[in-house]
Amino acid sequence: MKVFVTGATGFVGTAVVQELLEAGHEVLGLARSEESVKKLIDAGAEPHHGDLTDFESLKSGARLSDAVIHLGFVHDFGRFQEMCILDGEVIGAIGDALIGTEKPFLITSGTALFSKNGITTEKDRLVNHPHPRIATENAADDQVAKGVNVAVIRLSPSVHGEDDKIGFVPLFIRIAKERGVSAIIDDGNNHWPAVHRLDAARLYRLALEKPFENGTRYHAVAEEGIQLKKVAAEIAERLRIPLVSLNPEEAEQHFSWFTHFAKLDNQSSSAWTRKALDWNPVHPTLLEDLKGPYYFSEHQ
């Protein structure tokens, strides 16, 4: 099938595009710059000019294709709430172009919306949640109500692997470098789920190829939860800096806007997803990646 992909030249998107092409699909990738156009052509995909604020371009890309994978998101943390609202509007625009069709529409969300005691599963939903990112899940449900054929893929907080530049792990490392210490909050027993980007890419393809119930949630989770103290300890060892424990007030000073994620406790299961899609992650774990050369190389 021909698949319209937003975020096609991003960290996860490039892996998804390659996965789709290798499986024999065609890819129409959203491209906002000549650099993105070249990347898509070099990969074997067809570029589609536009960006996430160009709703007519998004609609035409959806109409020209047999399916849509929405991976694009503007990572401007200074305007995070505004970007979350935009994401909801993007989903609505694409959904409008899909009304009355059976075209699959895969929408990207995250398990990090859920921070609770116990394990988050694919059945969990949030209502009237204060976190701005809930706009994505709400917009997905709006498309379901319109009869659009929607599934949501919730990515782990840490999608890791080579070329990771703006994810949680490089941010965590960058803060440690700047502060001269690798920090945890209190005992550091909170958890991040994780998935390698190549395993995540395969999940997108499998979800696209298998019929799903409208409104289905899938979890791109290879590891249910890694204790943050293990991540911080590995960073401390690799950077040869102290590992320290901070109280909540100290953490606000150390992590700034990243504090929410540094204290996130988000154990999440993918048991249902694995069974439904016969998805079995095979690529390196987060700690295995941290022990490798990439995250501590000069270009990071």
# chains A, B, ... in the order shown; residues from 1 in each chain; ligands from 1
$ select_by_dssp --residues "region 202-276 of chain A" --states "strand (DSSP E or B)" --output "ChimeraX atom specification"
/A:216-220,223-227,243-246,268
$ residues_around --residues "region 9-17 of chain A" --least-positions-apart "3" --cutoff "10 Å" --atoms "only C-alpha atoms" --output "number ranges by chain"
A: 3-6, 20-23, 25-32, 35-40, 43-45, 69-73, 155, 159-167, 196-205
$ select_by_dssp --residues "region 116-222 of chain A" --states "helix (DSSP H, G or I)" --output "ChimeraX atom specification"
/A:134-145,168-179,197-209
$ residues_around --residues "Asn189 (chain A)" --least-positions-apart "3" --cutoff "8 Å" --atoms "only C-alpha atoms" --output "count of residues only"
3
$ atom_distance --atom1 "CA of Gly188 (chain A)" --atom2 "CA of Ile235 (chain A)"
13.6 Å
$ atom_distance --atom1 "CA of Ala97 (chain A)" --atom2 "CA of Ala135 (chain A)"
19.4 Å
$ atom_distance --atom1 "CA of Glu250 (chain A)" --atom2 "CA of Ala262 (chain A)"
12.4 Å
$ closest_residue --among "A:Ile85, A:Leu290, A:Ala151, A:Leu64" --to "Leu206 (chain A)" --atoms "only C-alpha atoms"
A:Ala151
$ residues_around --residues "Leu277 (chain A)" --least-positions-apart "6" --cutoff "12 Å" --atoms "only C-alpha atoms" --output "VMD selection string"
chain A and resid 202 to 212 217 to 220 270 to 271
$ write_last_selection --atoms "C-alpha atoms" --output "PDB file, in the first residue's frame"
ATOM      1  CA  ARG A 202       8.427  -2.837  13.057  1.00  0.00           C
ATOM      2  CA  LEU A 203       5.450  -2.374  15.365  1.00  0.00           C
ATOM      3  CA  TYR A 204       4.127   0.454  13.174  1.00  0.00           C
ATOM      4  CA  ARG A 205       4.336  -1.756  10.104  1.00  0.00           C
ATOM      5  CA  LEU A 206       2.648  -4.694  11.798  1.00  0.00           C
ATOM      6  CA  ALA A 207      -0.136  -2.463  13.116  1.00  0.00           C
ATOM      7  CA  LEU A 208      -0.663  -1.055   9.624  1.00  0.00           C
ATOM      8  CA  GLU A 209      -0.846  -4.457   7.955  1.00  0.00           C
ATOM      9  CA  LYS A 210      -3.265  -6.123  10.354  1.00  0.00           C
ATOM     10  CA  PRO A 211      -6.906  -5.005  10.675  1.00  0.00           C
ATOM     11  CA  PHE A 212      -7.643  -3.442  14.061  1.00  0.00           C
ATOM     12  CA  ARG A 217      -4.150   1.347  21.542  1.00  0.00           C
ATOM     13  CA  TYR A 218      -0.806  -0.400  21.019  1.00  0.00           C
ATOM     14  CA  HIS A 219       2.221  -0.067  23.309  1.00  0.00           C
ATOM     15  CA  ALA A 220       5.672   0.249  21.745  1.00  0.00           C
ATOM     16  CA  SER A 270       3.003  -4.429  25.969  1.00  0.00           C
ATOM     17  CA  ALA A 271       1.722  -7.967  26.595  1.00  0.00           C
TER      18      ALA A 271
END
$ closest_residue --among "A:Leu243, A:Ala222, A:Ile91, A:Leu264" --to "Phe114 (chain A)" --atoms "only C-alpha atoms"
A:Leu264
$ closest_residue --among "A:Glu34, A:Glu223, A:Asp51, A:Glu252" --to "Asn266 (chain A)" --atoms "only C-alpha atoms"
A:Glu223
$ residues_around --residues "Asp265 (chain A)" --least-positions-apart "3" --cutoff "6 Å" --atoms "only C-alpha atoms" --output "list of chain:residue names"
A:Ser115, A:Asn190, A:His191
$ write_last_selection --atoms "N, CA and C atoms" --output "CSV table (one decimal), in the first residue's frame"
chain,number,residue,atom,x,y,z
A,115,SER,N,1.3,8.2,34.8
A,115,SER,CA,2.2,8.1,35.9
A,115,SER,C,1.4,7.6,37.2
A,190,ASN,N,11.9,5.2,40.5
A,190,ASN,CA,10.9,5.4,39.5
A,190,ASN,C,11.4,4.8,38.1
A,191,HIS,N,10.5,4.5,37.2
A,191,HIS,CA,10.8,3.7,36.0
A,191,HIS,C,10.4,4.4,34.7
